[in-house]
Structures are given as structure tokens and as C-alpha cells.
$ cat protein.txt   # compact mmCIF, C-alpha atoms
# COMPACT_ATOMS: atom_id res chain seq x y z
CA MET A 49 70.88 96.09 123.35
CA LEU A 50 73.03 98.99 124.57
CA LYS A 51 75.57 96.56 126.00
CA LYS A 52 75.80 94.75 122.64
CA VAL A 53 76.37 98.04 120.78
CA LYS A 54 79.12 99.04 123.20
CA GLN A 55 80.81 95.65 122.83
CA GLU A 56 80.75 95.90 119.03
CA ARG A 57 82.32 99.35 119.15
CA PHE A 58 84.99 98.25 121.60
CA VAL A 59 85.88 95.32 119.33
CA TRP A 60 86.60 97.41 116.24
CA MET A 61 88.40 100.03 118.34
CA ASP A 62 90.71 97.40 119.88
CA ILE A 63 91.45 95.93 116.45
CA PHE A 64 92.05 99.42 115.07
CA ILE A 65 94.70 100.07 117.74
CA THR A 66 96.58 96.85 116.90
CA LEU A 67 96.40 97.59 113.17
CA LEU A 68 97.70 101.10 113.81
CA ALA A 69 100.67 99.61 115.68
CA LEU A 70 101.41 97.36 112.69
CA GLU A 71 101.16 100.38 110.38
CA ILE A 72 103.68 102.28 112.50
CA MET A 73 106.04 99.33 112.19
CA ALA A 74 105.46 99.30 108.41
CA TYR A 75 106.49 102.97 108.33
CA PHE A 76 109.64 102.03 110.24
CA TYR A 77 110.43 99.33 107.66
CA TYR A 78 109.50 101.04 104.38
CA GLY A 79 109.02 104.76 104.95
CA PHE A 80 106.20 107.21 104.27
CA ARG A 81 104.91 105.32 101.23
CA ALA A 82 103.49 102.68 103.59
CA VAL A 83 101.54 105.41 105.42
CA LEU A 84 100.28 106.86 102.14
CA ILE A 85 98.98 103.46 100.99
CA ALA A 86 97.17 103.00 104.30
CA GLY A 87 95.65 106.47 104.05
CA LEU A 88 94.33 105.78 100.55
CA CYS A 89 92.86 102.44 101.65
CA VAL A 90 91.13 103.93 104.70
CA THR A 91 89.77 106.85 102.67
CA ALA A 92 88.46 104.55 99.91
CA SER A 93 86.84 102.20 102.42
CA PHE A 94 85.19 105.04 104.32
CA ALA A 95 83.87 106.65 101.13
CA CYS A 96 82.46 103.36 99.84
CA GLU A 97 80.78 102.65 103.17
CA TYR A 98 79.30 106.13 103.46
CA PHE A 99 77.88 106.36 99.93
CA SER A 100 76.70 102.74 99.98
CA LEU A 101 74.64 103.46 103.09
CA ILE A 102 73.18 106.57 101.45
CA ALA A 103 72.23 104.48 98.41
CA MET A 104 70.60 101.89 100.68
CA ARG A 105 68.85 104.67 102.65
CA LYS A 106 70.54 103.69 105.86
CA LYS A 107 72.03 105.87 108.56
CA PHE A 108 75.79 106.06 109.01
CA THR A 109 76.64 105.31 112.66
CA ALA A 110 79.80 104.92 114.69
CA ASP A 111 79.61 101.14 114.21
CA ASN A 112 80.08 101.61 110.47
CA LEU A 113 83.55 102.99 111.16
CA SER A 114 84.67 99.35 111.30
CA CYS A 115 85.21 99.82 107.55
CA ILE A 116 88.40 101.66 108.52
CA ASN A 117 89.78 98.39 109.89
CA ASP A 118 89.04 96.63 106.60
CA GLY A 119 90.98 99.36 104.78
CA PHE A 120 93.91 98.98 107.18
CA ILE A 121 93.94 95.19 106.77
CA ILE A 122 94.03 95.48 102.98
CA ALA A 123 96.85 98.03 103.13
CA LEU A 124 98.93 95.84 105.44
CA MET A 125 98.58 92.86 103.08
CA MET A 126 100.13 94.86 100.23
CA PRO A 127 103.81 95.33 99.32
CA ALA A 128 105.16 98.79 100.04
CA THR A 129 105.91 99.37 96.34
CA ILE A 130 102.43 98.55 95.05
CA ASP A 131 100.87 100.91 92.51
CA TYR A 132 98.50 103.24 94.38
CA LYS A 133 95.50 102.40 92.22
CA ILE A 134 95.62 98.69 93.16
CA PRO A 135 94.88 99.06 96.91
CA VAL A 136 92.23 101.70 96.13
CA LEU A 137 90.46 99.40 93.66
CA THR A 138 90.83 96.55 96.13
CA CYS A 139 89.11 98.53 98.89
CA ILE A 140 86.29 99.59 96.55
CA PHE A 141 85.69 95.98 95.50
CA ALA A 142 85.96 94.72 99.09
CA ASN A 143 83.42 97.14 100.53
CA ILE A 144 80.90 97.17 97.69
CA VAL A 145 81.03 93.57 96.44
CA GLY A 146 82.34 91.85 99.56
CA LYS A 147 80.07 93.56 102.08
CA ASN A 148 77.44 96.13 101.11
CA ILE A 149 75.96 94.24 98.16
CA PHE A 150 74.85 91.58 100.69
CA GLY A 151 73.30 94.06 103.10
CA GLY A 152 76.27 95.64 104.84
CA ARG A 153 77.58 95.38 108.37
CA LYS A 154 74.62 93.52 109.87
CA ASN A 155 74.65 90.81 107.21
CA MET A 156 78.32 89.94 106.83
CA ILE A 157 78.94 86.85 104.70
CA PHE A 158 82.55 87.31 103.62
CA SER A 159 85.50 89.02 105.21
CA PRO A 160 85.66 92.19 103.05
CA ALA A 161 89.46 92.29 103.25
CA ALA A 162 89.72 88.64 102.13
CA VAL A 163 87.40 89.25 99.16
CA GLY A 164 89.36 92.36 98.20
CA TYR A 165 92.71 90.59 98.42
CA LEU A 166 91.43 87.70 96.29
CA PHE A 167 90.28 90.24 93.68
CA ALA A 168 93.70 91.91 93.69
CA LEU A 169 95.48 88.55 93.53
CA THR A 170 93.57 87.45 90.45
CA SER A 171 93.79 90.84 88.74
CA PHE A 172 97.27 92.08 89.69
CA GLY A 173 99.01 88.93 90.91
CA LYS A 174 102.52 89.80 89.78
CA GLN A 175 102.61 93.23 91.43
CA LEU A 176 100.98 91.83 94.58
CA LEU A 177 103.64 89.14 95.10
CA GLU A 178 106.83 91.15 94.51
CA TYR A 179 108.33 92.94 97.49
CA PRO A 180 111.15 95.33 98.35
CA ASN A 181 113.88 94.26 100.74
CA PRO A 182 113.24 95.16 104.38
CA PHE A 183 114.45 98.55 105.64
CA VAL A 184 114.73 99.81 102.06
CA LYS A 185 112.69 103.01 102.03
CA ALA A 186 110.25 103.02 99.14
CA ASP A 187 110.09 106.25 97.15
CA ILE A 188 106.70 107.99 97.26
CA PHE A 189 106.42 108.59 93.51
CA ASN A 190 108.95 106.25 91.94
CA GLN A 191 108.38 102.47 91.88
CA SER A 192 111.56 101.61 89.98
CA GLN A 193 113.60 99.73 92.56
CA LYS A 194 114.78 96.18 93.00
CA LEU A 195 111.98 93.81 93.96
CA VAL A 196 112.39 90.25 95.21
CA SER A 197 110.24 87.22 95.82
CA SER A 198 108.81 86.83 99.30
CA ALA A 199 110.15 84.53 101.98
CA SER A 200 106.84 82.68 101.64
CA HIS A 201 107.59 81.81 98.00
CA ILE A 202 111.05 80.52 98.91
CA PHE A 203 109.71 78.41 101.78
CA ASN A 204 106.79 77.03 99.77
CA THR A 205 109.00 75.93 96.87
CA THR A 206 112.13 74.78 98.71
CA GLY A 207 111.01 74.09 102.28
CA LYS A 208 114.01 76.06 103.56
CA LEU A 209 114.81 79.62 104.63
CA SER A 210 118.22 81.10 105.34
CA ILE A 211 116.87 83.56 107.92
CA SER A 212 117.96 83.70 111.55
CA ASP A 213 115.46 83.40 114.38
CA TYR A 214 116.13 87.00 115.37
CA ASP A 215 115.34 88.25 111.88
CA ILE A 216 112.14 86.19 111.85
CA VAL A 217 110.96 87.60 115.17
CA MET A 218 111.83 91.18 114.18
CA GLY A 219 110.35 90.86 110.68
CA ASN A 220 113.60 91.32 108.79
CA PHE A 221 112.50 89.43 105.65
CA SER A 222 110.52 90.20 102.52
CA GLY A 223 106.73 90.04 102.59
CA PRO A 224 103.54 92.10 102.98
CA MET A 225 103.95 95.27 105.01
CA GLY A 226 101.96 94.18 108.07
CA ALA A 227 102.48 90.42 107.98
CA VAL A 228 106.21 90.23 108.69
CA SER A 229 106.21 91.83 112.16
CA ILE A 230 106.01 88.45 113.90
CA LEU A 231 106.67 89.62 117.45
CA LEU A 232 104.13 92.44 117.20
CA LEU A 233 101.59 90.09 115.63
CA LEU A 234 102.02 87.61 118.48
CA ILE A 235 101.53 90.35 121.08
CA SER A 236 98.52 91.72 119.20
CA SER A 237 96.91 88.29 118.95
CA VAL A 238 97.29 87.64 122.67
CA ILE A 239 95.82 91.06 123.54
CA LEU A 240 92.87 90.65 121.16
CA LEU A 241 92.15 87.14 122.47
CA PHE A 242 92.32 88.39 126.06
CA ARG A 243 89.94 91.22 125.16
CA LYS A 244 87.62 88.71 123.40
CA ASP A 245 87.88 90.66 120.14
CA LEU A 246 88.71 87.53 118.15
CA SER A 247 86.90 84.23 117.74
CA ALA A 248 88.90 82.09 120.15
CA GLY A 249 87.53 78.85 118.70
CA SER A 250 88.53 79.76 115.13
CA PHE A 251 91.95 80.97 116.25
CA ILE A 252 92.72 77.80 118.23
CA GLY A 253 91.27 75.49 115.57
CA PHE A 254 93.27 77.16 112.79
CA PHE A 255 96.64 76.99 114.51
CA ALA A 256 95.97 73.55 116.00
CA GLY A 257 95.25 72.25 112.49
CA LEU A 258 98.40 73.80 111.07
CA MET A 259 100.61 72.42 113.84
CA PHE A 260 99.03 68.96 113.48
CA MET A 261 99.62 68.89 109.73
CA SER A 262 103.11 70.28 110.15
CA ALA A 263 103.91 67.47 112.60
CA ILE A 264 102.64 64.59 110.45
CA CYS A 265 103.62 66.01 107.05
CA PRO A 266 106.29 68.73 107.39
CA ILE A 267 107.08 70.96 104.43
CA GLY A 268 110.76 71.22 105.30
CA GLU A 269 113.22 68.64 106.54
CA GLY A 270 112.41 68.92 110.25
CA ARG A 271 109.10 69.30 112.10
CA ILE A 272 110.27 72.18 114.28
CA GLU A 273 111.76 74.10 111.37
CA SER A 274 108.66 73.48 109.30
CA ALA A 275 106.34 74.75 112.07
CA LYS A 276 108.52 77.80 112.71
CA TYR A 277 108.73 78.90 109.08
CA LEU A 278 105.07 78.07 108.54
CA LEU A 279 104.05 80.52 111.27
CA ALA A 280 106.41 83.21 109.96
CA THR A 281 105.47 83.05 106.27
CA ASN A 282 102.33 83.12 104.11
CA MET A 283 100.71 85.77 106.35
CA THR A 284 99.84 82.94 108.76
CA LEU A 285 99.64 84.99 111.96
CA PHE A 286 98.08 87.96 110.20
CA ALA A 287 95.40 85.91 108.43
CA GLY A 288 94.73 83.80 111.52
CA SER A 289 94.10 86.92 113.62
CA PHE A 290 92.36 89.39 111.31
CA ILE A 291 90.69 87.21 108.63
CA ILE A 292 89.89 83.75 109.96
CA SER A 293 89.17 84.80 113.56
CA ASP A 294 86.95 87.71 112.53
CA VAL A 295 84.00 87.59 114.97
CA ARG A 296 81.70 88.98 112.26
CA ILE A 297 82.26 85.90 110.07
CA ALA A 298 83.13 82.97 112.34
CA PRO A 299 80.39 80.95 114.08
CA GLU A 300 79.53 82.14 117.59
CA LYS A 301 79.74 78.86 119.50
CA LYS A 302 83.31 77.87 120.30
CA HIS A 303 83.07 74.23 119.16
CA PHE A 304 81.58 75.25 115.80
CA SER A 305 84.14 78.03 115.29
CA PHE A 306 86.92 75.57 116.25
CA PHE A 307 85.96 73.23 113.41
CA TYR A 308 85.61 76.21 111.06
CA GLY A 309 89.21 77.26 111.76
CA LEU A 310 90.38 73.64 111.66
CA PHE A 311 88.87 73.00 108.22
CA ILE A 312 90.52 76.15 106.83
CA ALA A 313 93.88 75.02 108.21
CA LEU A 314 93.64 71.48 106.79
CA ILE A 315 92.50 72.57 103.32
CA SER A 316 95.08 75.36 103.20
CA TYR A 317 97.91 73.04 104.19
CA VAL A 318 97.01 70.54 101.48
CA LEU A 319 96.93 73.32 98.87
CA LEU A 320 100.22 74.65 100.21
CA LEU A 321 101.86 71.25 99.78
CA THR A 322 100.42 70.58 96.33
CA SER A 323 100.53 74.00 94.69
CA GLY A 324 102.97 76.10 96.70
CA GLN A 325 100.60 79.07 96.41
CA GLU A 326 101.46 82.03 98.61
CA ASN A 327 99.06 83.32 101.25
CA VAL A 328 96.63 80.51 100.48
CA TYR A 329 94.70 81.03 103.75
CA ILE A 330 92.98 84.13 102.35
CA THR A 331 91.65 82.21 99.36
CA VAL A 332 90.47 79.29 101.48
CA ALA A 333 88.77 81.65 103.95
CA VAL A 334 86.60 82.96 101.11
CA ILE A 335 85.97 79.44 99.75
CA MET A 336 84.92 78.23 103.22
CA THR A 337 82.20 80.87 103.53
CA PRO A 338 79.39 78.33 102.80
CA ALA A 339 80.70 76.18 105.66
CA ALA A 340 80.59 79.16 108.02
CA LEU A 341 77.04 79.96 106.92
CA ALA A 342 75.97 76.34 107.38
CA LEU A 343 77.41 76.27 110.89
CA LYS A 344 75.62 79.51 111.71
CA GLN A 345 72.33 78.07 110.47
CA LEU A 346 72.93 75.01 112.63
CA GLU A 347 73.56 77.31 115.58
CA LYS A 348 70.25 79.07 114.98
CA LYS A 349 68.34 75.77 114.84
CA ILE A 350 69.97 74.58 118.05
CA ASN A 351 69.17 77.90 119.74
CA LYS A 352 65.54 77.64 118.61
CA LEU A 353 65.28 74.09 119.93
CA SER A 354 66.81 75.08 123.26
CA GLU A 355 64.47 78.08 123.46
CA SER A 356 61.49 75.81 122.74
CA GLU A 357 62.64 73.39 125.44
CA ASN A 358 63.13 76.25 127.88
CA THR A 359 59.68 77.61 127.03
CA ALA A 360 58.12 74.18 127.49
CA SER A 361 59.90 73.62 130.79
CA THR A 362 58.87 77.10 131.91
CA GLU A 363 55.25 76.34 131.05
CA ILE A 364 55.45 73.03 132.91
CA ASN A 365 56.96 74.74 135.92
CA THR A 366 54.28 77.42 135.74
CA ASP A 367 51.52 74.77 135.59
CA GLU A 368 53.08 72.95 138.50
CA LYS A 369 53.30 76.15 140.50
CA LEU A 370 49.67 77.03 139.69
CA GLN A 371 48.55 73.53 140.65
CA GLU A 372 50.55 73.76 143.87
CA THR A 373 49.04 77.18 144.55
CA ASP A 374 45.53 75.81 143.97
CA GLU A 375 46.21 72.91 146.31
CA ASN A 376 47.55 75.28 148.95
CA MET A 377 44.52 77.55 148.53
CA ASN A 378 42.13 74.58 148.80
CA LYS A 379 43.98 73.36 151.84
CA THR A 380 43.84 76.80 153.40
CA ILE A 381 40.13 77.16 152.64
CA SER A 382 39.50 73.71 154.10
CA GLU A 383 41.42 74.60 157.23
CA ILE A 384 39.51 77.88 157.56
CA ALA A 385 36.19 76.04 157.11
CA GLU A 386 37.14 73.46 159.73
CA ASP A 387 38.15 76.20 162.13
CA ALA A 388 34.85 78.01 161.49
CA VAL A 389 32.85 74.82 162.13
CA ASP A 390 34.80 74.24 165.34
CA GLU A 391 34.10 77.78 166.46
CA ILE A 392 30.39 77.42 165.66
CA ASN A 393 30.25 74.14 167.58
CA LYS A 394 32.04 75.72 170.52
CA MET A 395 29.68 78.69 170.44
CA SER A 396 26.68 76.32 170.23
CA GLU A 397 27.94 74.24 173.14
CA SER A 398 28.62 77.40 175.14
CA LYS A 399 25.11 78.68 174.41
CA ASN A 400 23.56 75.35 175.43
CA GLU A 401 25.50 75.39 178.67
CA GLU A 402 24.33 78.94 179.39
CA GLU A 403 20.70 78.02 178.66
CA SER A 404 21.06 74.95 180.85
CA ASN A 405 22.51 77.05 183.66
CA ILE A 406 19.73 79.61 183.32
CA ALA A 407 17.10 76.87 183.44
CA GLU A 408 18.64 75.36 186.55
CA THR A 409 18.81 78.79 188.19
CA GLN A 410 15.12 79.48 187.45
CA GLY A 411 14.20 76.02 188.83
CA ASP A 412 16.03 76.74 192.06
CA ASP A 413 14.27 80.13 192.40
CA LEU A 414 10.83 78.45 192.03
CA ASN A 415 11.73 75.89 194.70
CA ASP A 416 12.70 78.68 197.09
CA VAL A 417 9.35 80.45 196.57
CA ASP A 418 7.45 77.26 197.36

$ encode --input "protein.txt" --output "C-alpha cells"
Amino acid sequence: MLKKVKQERFVWMDIFITLLALEIMAYFYYGFRAVLIAGLCVTASFACEYFSLIAMRKKFTADNLSCINDGFIIALMMPATIDYKIPVLTCIFANIVGKNIFGGRKNMIFSPAAVGYLFALTSFGKQLLEYPNPFVKADIFNQSQKLVSSASHIFNTTGKLSISDYDIVMGNFSGPMGAVSILLLLISSVILLFRKDLSAGSFIGFFAGLMFMSAICPIGEGRIESAKYLLATNMTLFAGSFIISDVRIAPEKKHFSFFYGLFIALISYVLLLTSGQENVYITVAVIMTPAALALKQLEKKINKLSESENTASTEINTDEKLQETDENMNKTISEIAEDAVDEINKMSESKNEEESNIAETQGDDLNDVD
């Protein structure tokens, strides 16, 4: 139990470090306003978690600090010029409706950040999908500056992007604050996979599905260009790492989690082709929650069956061992009895010989007297 608690704490701490690195990069791109949005999101998430636990009469522990990560994820999915109230309301909805209303940390059904983002998308869609140009410092109090459509919108509607490979890698294009740092996201994903902080099956299944669909039905003119822009836009790397591969939501067994990630990728790609909706993976991740729950239930049934088989085999082995022990004991007792009978016979024979010798000796003595 102690080992499990330590592992859970290490997971959210590792993810926190990678999210903090993305937030530092967001500050480099957009200025202090990015930090202020993250601070508001973290504060709102922490407050909701703390007071929700008090209302449910539960104790706040270090494991509940994972709510900080959910706040960071929501902040990094926002544009740097977003109205401050929107990320705060998003975090409140994510933590209360997306998590604590279903029982909290130990009964996670949805990714809180995904639920919160879907709420913000349906309520404040226009503000959520307009972004400042990269390296244009956003004013802390004033939102009146030129906003543009994201690179995701351009790619989804035209299948083309006039962005160099260097700019893609360095994140020099319009989009959510934490989802455009492609190089840092790639490094973070590798580290988190190596540390086993992500669901490897979901991660592999998701990107395998996207690459497969991109190969057979590319969005752009060429397969390589389509795959490259697909990974760079629509928060693909960000969602694949922090939403879809969330170990709290994805099935535990690798083959089940692989199909979970694969289904999200296939459905998302079809919606991307037909509707051109931005960041569609977040929506599909919430929609696919019943599939994740069904796979988890299947896992439990399989585990119960395997436990029953193990118990039955253990009982059979125990019976066999007891039977073998009884046979050995009977054999030992039989051998001891045979040895005892042999000893008694030897003692009887020895006694008879002594009596015979004594009788012969007495007979000789009587003959001498005569």
C-alpha cells in the first residue's frame, strides 16, 4: 500500500515538473499574463478540491495536490489573451462537476481538464479559439490587441500551413499557450513515458491511429506533410500526453489502453475530416469515457477470473501436497513398524539362542556331576 501511495505521488510530481516547464515557455512567448492565468487556475483548482473534500467529510492529503496539475493543464490550453474569469470558471467546473461530484480522486471517470475545456468551448467558444501572435507580449489588464485564428484552424480548413519546420519545432505559430512548444512537448512525453507516468498503451494507440489514418487518408496534399502538421496542430501532442494518456482514466492493461487510444484517434480523425473542428481530441476523450469504463469493468472481470483460477490451482496444489504428506507419513510409519517388528524378532531370536545356550550349559554340568 505504501509503495502504491509513493508511486501515485511521484506520478503527479513528475507531470507537475513538465507542466511547469511548459508554463515557463509560455511566459517566454507571451509574458507575465500567461503566468497570471496559470496562477488563477491553480488557485481555483486547489480551492475547489479543498472545500469539496471538506463538504464530503474527507481528509485533504498530499495526493489531492494532483488538482494543481489539472489547473495547469487548463491554463496551458487557453490563449494568453483570454478573459481571466473564463479559466477560473473552467477550473471550478472541471473540479466540481468533472471530478468531485463523482467521488473525487479515487473514483475518476473523466479527465477534469477535458471536461473543463469542453465546458469553456461550448460557453466561450469564440474567445477560446482566438489567439495572439507568438512573441507578442500580452498586456496584463488590457485585452485589446490583434487576435488571429490558430494554425489548427488554417490546417483543418485548407490542409496547408506556410510555417517552416524550424518554426514548428520551436512553437513559433498561433495556438494555445502550452500546446505549441512542440520540441518541449516531445521531450516531456519521452520523459514521462520513461518514468511510467503516462499510459503507454493509450499513448501508442492514439498516435498509431493518427499516423495510420494520415497515411491512408491525408488531410493535406502529401502524407508526410499531413502527418507533420497533424502532430503540430490541434493540441495533438499535448492532448495525447496529458489528457488521453492520463493513467487515472485509461485502462490499466496495455492492450486495453491501446485500443482505447486507438478508438479516440480514429473517431477524432473522422470528425477532423468532416467538420474541421479544432482540438477535437478533447471532445472525443470525454465522449469515449463509457468505453474506458467498459474496458475497466472487463479488466476487473478478467482479474477476478484469474484470481479464482489461481485460488483453485492453489487449493489443488495444497490438496496434492497434503495427500503427498499423508502418503509420506504412512510410508514412514510403515517403515518404522517394520523396523520395530524386525528388532523384536531379532531380540526374540537372540533370547531363544541365549536360553538354548543356558540349557545346553546346564545339561553339560549335570553330565559332569554324574

$ atom_distance --input "protein.txt" --atom1 "CA of Leu67 (chain A)" --atom2 "CA of Ile134 (chain A)"
20.1 Å

$ atom_distance --input "protein.txt" --atom1 "CA of Ala275 (chain A)" --atom2 "CA of Ile211 (chain A)"
14.3 Å

$ atom_distance --input "protein.txt" --atom1 "CA of Val184 (chain A)" --atom2 "CA of Phe221 (chain A)"
11.2 Å

$ residues_around --input "protein.txt" --residues "Arg105 (chain A)" --least-positions-apart "5" --cutoff "12 Å" --atoms "all atoms listed in the file" --output "mmCIF file with C-alpha atoms, in the frame of the given file"
data_model
loop_
_atom_site.group_PDB
_atom_site.id
_atom_site.type_symbol
_atom_site.label_atom_id
_atom_site.label_comp_id
_atom_site.auth_asym_id
_atom_site.auth_seq_id
_atom_site.Cartn_x
_atom_site.Cartn_y
_atom_site.Cartn_z
ATOM 1 C CA TYR A 98 79.300 106.130 103.460
ATOM 2 C CA PHE A 99 77.880 106.360 99.930
ATOM 3 C CA SER A 100 76.700 102.740 99.980
ATOM 4 C CA GLY A 151 73.300 94.060 103.100
ATOM 5 C CA GLY A 152 76.270 95.640 104.840
#

$ residues_around --input "protein.txt" --residues "Ala103 (chain A)" --least-positions-apart "6" --cutoff "12 Å" --atoms "all atoms listed in the file" --output "tab-separated table (two decimals) with C-alpha atoms, in the frame of the given file"
chain	number	residue	atom	x	y	z
A	96	CYS	CA	82.46	103.36	99.84
A	97	GLU	CA	80.78	102.65	103.17
A	144	ILE	CA	80.90	97.17	97.69
A	148	ASN	CA	77.44	96.13	101.11
A	149	ILE	CA	75.96	94.24	98.16
A	151	GLY	CA	73.30	94.06	103.10
A	152	GLY	CA	76.27	95.64	104.84

$ closest_residue --input "protein.txt" --among "A:Ala110, A:Val196, A:Leu343, A:Cys139" --to "Phe304 (chain A)" --atoms "only C-alpha atoms"
A:Leu343

$ closest_residue --input "protein.txt" --among "A:Ile335, A:Leu234, A:Val145, A:Ala248" --to "Glu300 (chain A)" --atoms "all atoms listed in the file"
A:Ala248

$ residues_around --input "protein.txt" --residues "Leu240 (chain A)" --least-positions-apart "6" --cutoff "12 Å" --atoms "only C-alpha atoms" --output "VMD selection string"
chain A and resid 58 to 67 233 to 234 246 to 248 251 288 to 290 293 to 295

$ write_last_selection --input "protein.txt" --atoms "C-alpha atoms" --output "short mmCIF file (atom, residue, chain, number, x, y, z; two decimals), keeping the file's coordinate frame"
data_model
loop_
_atom_site.label_atom_id
_atom_site.label_comp_id
_atom_site.auth_asym_id
_atom_site.auth_seq_id
_atom_site.Cartn_x
_atom_site.Cartn_y
_atom_site.Cartn_z
CA PHE A 58 84.99 98.25 121.60
CA VAL A 59 85.88 95.32 119.33
CA TRP A 60 86.60 97.41 116.24
CA MET A 61 88.40 100.03 118.34
CA ASP A 62 90.71 97.40 119.88
CA ILE A 63 91.45 95.93 116.45
CA PHE A 64 92.05 99.42 115.07
CA ILE A 65 94.70 100.07 117.74
CA THR A 66 96.58 96.85 116.90
CA LEU A 67 96.40 97.59 113.17
CA LEU A 233 101.59 90.09 115.63
CA LEU A 234 102.02 87.61 118.48
CA LEU A 246 88.71 87.53 118.15
CA SER A 247 86.90 84.23 117.74
CA ALA A 248 88.90 82.09 120.15
CA PHE A 251 91.95 80.97 116.25
CA GLY A 288 94.73 83.80 111.52
CA SER A 289 94.10 86.92 113.62
CA PHE A 290 92.36 89.39 111.31
CA SER A 293 89.17 84.80 113.56
CA ASP A 294 86.95 87.71 112.53
CA VAL A 295 84.00 87.59 114.97
#

$ residues_around --input "protein.txt" --residues "Ile188 (chain A)" --least-positions-apart "5" --cutoff "9 Å" --atoms "all atoms listed in the file" --output "MDAnalysis selection string"
chainID A and resid 79:82 84 129

$ closest_atom_pairs --input "protein.txt" --of "region 157-187 of chain A" --to "region 324-334 of chain A" --cutoff "7 Å" --atoms "only C-alpha atoms" --output "Markdown table"
| residue | atom | partner | partner_atom | distance |
| --- | --- | --- | --- | --- |
| A:Phe158 | CA | A:Val334 | CA | 6.5 |
| A:Ala162 | CA | A:Ile330 | CA | 5.6 |
| A:Val163 | CA | A:Val334 | CA | 6.6 |
| A:Leu166 | CA | A:Thr331 | CA | 6.3 |

$ write_last_selection --input "protein.txt" --atoms "C-alpha atoms" --output "mmCIF file, in the frame of the given file"
data_model
loop_
_atom_site.group_PDB
_atom_site.id
_atom_site.type_symbol
_atom_site.label_atom_id
_atom_site.label_comp_id
_atom_site.auth_asym_id
_atom_site.auth_seq_id
_atom_site.Cartn_x
_atom_site.Cartn_y
_atom_site.Cartn_z
ATOM 1 C CA PHE A 158 82.550 87.310 103.620
ATOM 2 C CA ALA A 162 89.720 88.640 102.130
ATOM 3 C CA VAL A 163 87.400 89.250 99.160
ATOM 4 C CA LEU A 166 91.430 87.700 96.290
#
